[in-house]
Amino acid sequence: MLVTATGTRITQAGANAYYQAVNPSDPPNQITADIYKMVRPENTHFGFWQNVMKFRKGQIVKTSELNAEFPPATVASLSPATGLAAGGTAVTIKGTNFGPGATGTIGGVAATSFVVVDDETITCVSGAHAVGAVSAAVTTDSGTVTKATAFTYA
């Protein structure tokens with residue numbers, strides 16, 4: 001790992017201390033643009049969101065801090081787990097860390113009427129797909145998470 005220290009009055013001891021403080025399994029990241037997080041104030045409806053500044057441009061943040069603020073979504077289940085190959089099945093996706101702007105696919109086909117009800121529930125309608133078991137994927141600001149064989153087209 002290459003560590004570059006710039007400035008004045010930097011001593012070898014100071015540089016060594018900095019180098020030892022950097023954990024290679026939790027590397028620092030320099031924020032290149034202000035990062036906001038959509039939050040829902042307590043005791044408000046899920047549709048009411050506010051932008052809250054989390055990290056400023058130029059700030060140095062450990063990877064673990066970023067992950068803690070923006071945890072990845074999980075997909076636990078789809079209900080019903082079976083639908084028509086022609087599509088049109090109303091599906092409820094249960095999981096965690098869903099947020100505004102999430103999108104999803106069932107069998108690689110974009111789900112329609114996609115609504116994030118709350119941070120644990122999404123409702124949508126399946127698209128048409130060939131018969132068989134397929135995965136479901138939800139994409140949030142933190143990335144895409146996939147649940148294998150989550151839905152079966154019949």
# chains A, B, ... in the order shown; residues from 1 in each chain; ligands from 1
call {"tool": "residues_around", "arguments": {"residues": "Thr121 of chain A", "least_positions_apart": "5", "cutoff": "7 Å", "atoms": "only C-alpha atoms", "output": "number ranges by chain"}}
result
A: 92-95, 116
call {"tool": "residues_around", "arguments": {"residues": "segment 140-144 of chain A", "least_positions_apart": "5", "cutoff": "12 Å", "atoms": "only C-alpha atoms", "output": "MDAnalysis selection string"}}
result
chainID A and resid 35:38 66:75 96:105 116 119
call {"tool": "closest_residue", "arguments": {"among": "A:Ser64, A:Gln30, A:Ala136, A:Ala81", "to": "Ile106 of chain A", "atoms": "only C-alpha atoms"}}
result
A:Ala136
call {"tool": "select_by_dssp", "arguments": {"residues": "segment 27-151 of chain A", "states": "strand (DSSP E)", "output": "NGL selection string"}}
result
:A and (28-30 or 35-39 or 50-55 or 60-62 or 74-79 or 82-83 or 90-96 or 103-106 or 109-110 or 112-118 or 121-125 or 132-140 or 143-151)
call {"tool": "closest_residue", "arguments": {"among": "A:Ala137, A:Ile31, A:Val125, A:Val145", "to": "Leu84 of chain A", "atoms": "only C-alpha atoms"}}
result
A:Val125
call {"tool": "residues_around", "arguments": {"residues": "Ala154 of chain A", "least_positions_apart": "4", "cutoff": "7 Å", "atoms": "only C-alpha atoms", "output": "PyMOL selection string"}}
result
chain A and resi 82-85+131-132
call {"tool": "residues_around", "arguments": {"residues": "Asp26 of chain A", "least_positions_apart": "6", "cutoff": "10 Å", "atoms": "only C-alpha atoms", "output": "ChimeraX atom specification"}}
result
/A:61-65
call {"tool": "write_last_selection", "arguments": {"atoms": "all heavy atoms", "output": "JSON list (two decimals), in the first residue's frame"}}
result
[["chain", "number", "residue", "atom", "x", "y", "z"],
["A", 61, "VAL", "N", -13.40, 9.26, 4.66],
["A", 61, "VAL", "CA", -14.32, 8.40, 5.40],
["A", 61, "VAL", "C", -13.92, 6.95, 5.19],
["A", 61, "VAL", "O", -13.64, 6.53, 4.07],
["A", 61, "VAL", "CB", -15.77, 8.61, 4.89],
["A", 61, "VAL", "CG1", -16.75, 7.74, 5.64],
["A", 61, "VAL", "CG2", -16.17, 10.07, 5.00],
["A", 62, "LYS", "N", -13.92, 6.18, 6.27],
["A", 62, "LYS", "CA", -13.64, 4.75, 6.16],
["A", 62, "LYS", "C", -14.78, 4.05, 5.43],
["A", 62, "LYS", "O", -15.93, 4.45, 5.53],
["A", 62, "LYS", "CB", -13.48, 4.12, 7.54],
["A", 62, "LYS", "CG", -12.25, 4.53, 8.29],
["A", 62, "LYS", "CD", -12.21, 3.82, 9.63],
["A", 62, "LYS", "CE", -10.99, 4.21, 10.44],
["A", 62, "LYS", "NZ", -10.98, 3.51, 11.73],
["A", 63, "THR", "N", -14.43, 2.99, 4.73],
["A", 63, "THR", "CA", -15.43, 2.19, 4.02],
["A", 63, "THR", "C", -16.52, 1.71, 4.97],
["A", 63, "THR", "O", -17.70, 1.73, 4.63],
["A", 63, "THR", "CB", -14.75, 1.00, 3.31],
["A", 63, "THR", "OG1", -13.79, 1.51, 2.38],
["A", 63, "THR", "CG2", -15.75, 0.13, 2.59],
["A", 64, "SER", "N", -16.15, 1.31, 6.17],
["A", 64, "SER", "CA", -17.14, 0.82, 7.14],
["A", 64, "SER", "C", -18.15, 1.90, 7.51],
["A", 64, "SER", "O", -19.32, 1.61, 7.74],
["A", 64, "SER", "CB", -16.46, 0.28, 8.39],
["A", 64, "SER", "OG", -15.71, 1.30, 9.02],
["A", 65, "GLU", "N", -17.71, 3.18, 7.55],
["A", 65, "GLU", "CA", -18.64, 4.27, 7.85],
["A", 65, "GLU", "C", -19.64, 4.47, 6.73],
["A", 65, "GLU", "O", -20.82, 4.71, 6.98],
["A", 65, "GLU", "CB", -17.88, 5.57, 8.10],
["A", 65, "GLU", "CG", -17.05, 5.57, 9.38],
["A", 65, "GLU", "CD", -16.25, 6.85, 9.52],
["A", 65, "GLU", "OE1", -16.88, 7.93, 9.61],
["A", 65, "GLU", "OE2", -15.01, 6.76, 9.54]]
call {"tool": "select_by_dssp", "arguments": {"residues": "segment 52-153 of chain A", "states": "helix (DSSP H, G or I)", "output": "list in words"}}
result
Thr63, Ser64, Glu65, Leu66, Asn67, Ala68 and Glu69 of chain A
call {"tool": "write_last_selection", "arguments": {"atoms": "C-alpha atoms", "output": "PDB file, in the first residue's frame"}}
result
ATOM      1  CA  THR A  63     -15.427   2.191   4.018  1.00  0.00           C
ATOM      2  CA  SER A  64     -17.142   0.820   7.136  1.00  0.00           C
ATOM      3  CA  GLU A  65     -18.641   4.270   7.853  1.00  0.00           C
ATOM      4  CA  LEU A  66     -20.077   4.492   4.339  1.00  0.00           C
ATOM      5  CA  ASN A  67     -21.502   0.993   4.608  1.00  0.00           C
ATOM      6  CA  ALA A  68     -23.068   1.794   7.988  1.00  0.00           C
ATOM      7  CA  GLU A  69     -24.853   4.845   6.583  1.00  0.00           C
TER       8      GLU A  69
END
call {"tool": "closest_residue", "arguments": {"among": "A:Ile60, A:Val91, A:Ile122, A:Ala76", "to": "Thr149 of chain A", "atoms": "only C-alpha atoms"}}
result
A:Ala76
call {"tool": "atom_distance", "arguments": {"atom1": "atom CA of Gly88 of chain A", "atom2": "atom CA of Thr152 of chain A"}}
result
13.3 Å
